[in-house]
Amino acid sequence: MPGLPVYESFAEALRATGTESNRRQLDQIIQADSAFDAEAVLEMVSYASNNHITYRVVPNQFGLYAARSVVGTLGGVTMVEMRLTPLEGWGRVAKRAFDVLGAMVGMIILVPVFLLVALAIKIKDPSGPLIFRHRRLSRDGQPVYIYKFRTMLWKYCDGPNRPFKSAEDTFRAMGRTDLVKEFQKTQKVENDPRVSRFGQFLRRSSLDELPQLWNVFIGDLSIVGPRPIIASELAHYGANKASFLALKPGMTGLWQISGRSDLSYDERVKLDIYYVEHWSLFLDLRILFKTVFALLGTRGAY
C-alpha cells in the first residue's frame, strides 16, 4: 500500500504523528501484522473506539470477524473494519432525512400546543423563562444544549448564575438529604419538590420535551436514539462509552417504551447499548409506534 506510513508499533505511530497531544492527526488505524499479541491489539481497538477513529485489520486465513465488522479491500489487500453500530452509509442519511421531516411536521402541527403551554407557564410562574436549556452530550461526546419547557419553579432552577449550582445543592438547602441520595443514584427524583404542579403535568405527559423538536431539526438530537445524558453520567457506561457515543441521543428510545424512570440506571444503560449495537429502521419505527402508547400510559414519567 504505497503512500501509507508504516510503524513497527502503536506507540511509535502515536509519537510519529504527534497524536499523543492531538489525536485528530490520526485518521485511522490499520493493523497489517496479524501476529500482534493480544495486549497490543486490545490497546489499538480501545484507543480507536474511545477516540472515534476507524480501526481496520488485515486478517490471517484463520481470523474471526466481529458481528459488526465490514470486509473490504485497500490497495488490493483484504481488511476488516470494526464498527460500533450498523448505522452507516445510506442508513444514516435516511435517519437524518426522517428526523428533519418529522421535526418540521411536528413543529408545524403542534403550534397551538406550544402556545397554550407557554401561556400556562407564564400564568403559573411569570418570573422565569418559558424554555429551560440543559447541557447534554451528543454524538462523539459533543456538548449540546437541549431545550424543554420549564417545569420547575424558577427560584429552584439550578445553573451557573443561579443561587443553586446543582440539584444536590437545592435538596441540601431544603434539608432533604434523602433526595440527594435518590438523585445521585438515578439522576431523577420521583416527587421532586422543585417542580410546579403544572410542571408535573407536563412531565407526566412529556409535553415538556416538545421544544426538543428544534434540537432534532438542527441536528443535535434524533427522534429515536439513546438517552441524552449529562457528562457526569458517562461514567456509568464503563467500557461501553464509545458505543454509547456512536449515535446521537433521541427524544424517545427503548428507555421510553420500557418503563422510563421506573427503570434502574443499569437497565437504562443496557437498553442504550442494545439500541446502538442493533439499530435498524424497523427498530426505530417499532419504538415510535410503542412510544405513543407509553405516553398515553404515563408510566415512569416524572
# chains A, B, ... in the order shown; residues from 1 in each chain; ligands from 1

call {"tool": "select_by_dssp", "arguments": {"residues": "range 64-265 of chain A", "states": "helix (DSSP H, G or I)", "output": "count of residues only"}}
result
98

call {"tool": "select_by_dssp", "arguments": {"residues": "range 85-134 of chain A", "states": "strand (DSSP E or B)", "output": "PyMOL selection string"}}
result
chain A and resi 131-134

call {"tool": "closest_residue", "arguments": {"among": "A:Ile53, A:Leu116, A:Val6, A:Val45", "to": "Asp27 in chain A", "atoms": "only C-alpha atoms"}}
result
A:Ile53

call {"tool": "closest_atom_pairs", "arguments": {"of": "range 187-260 of chain A", "to": "range 132-138 of chain A", "cutoff": "8 Å", "atoms": "only C-alpha atoms", "output": "tab-separated table"}}
result
residue	atom	partner	partner_atom	distance
A:Asp220	CA	A:Ser138	CA	6.4
A:Leu221	CA	A:Ser138	CA	7.0
A:Pro228	CA	A:Arg136	CA	6.0
A:Ile229	CA	A:Arg136	CA	5.4
A:Ile230	CA	A:Arg136	CA	4.5
A:Ala231	CA	A:Leu137	CA	6.4
A:Leu245	CA	A:Ser138	CA	7.0
A:Leu247	CA	A:Ser138	CA	7.6
A:Lys248	CA	A:Ser138	CA	5.2
A:Pro249	CA	A:Ser138	CA	6.0

call {"tool": "closest_residue", "arguments": {"among": "A:Leu295, A:Met107, A:Ala13, A:Val100", "to": "Arg204 in chain A", "atoms": "only C-alpha atoms"}}
result
A:Leu295

call {"tool": "atom_distance", "arguments": {"atom1": "CA of Ser243 in chain A", "atom2": "CA of Val144 in chain A"}}
result
18.5 Å

call {"tool": "closest_residue", "arguments": {"among": "A:Arg15, A:His278, A:Arg150, A:Lys270", "to": "Phe201 in chain A", "atoms": "only C-alpha atoms"}}
result
A:Arg150

call {"tool": "closest_residue", "arguments": {"among": "A:Asn191, A:Thr170, A:Gln256, A:Gln142", "to": "Asp272 in chain A", "atoms": "only C-alpha atoms"}}
result
A:Gln256
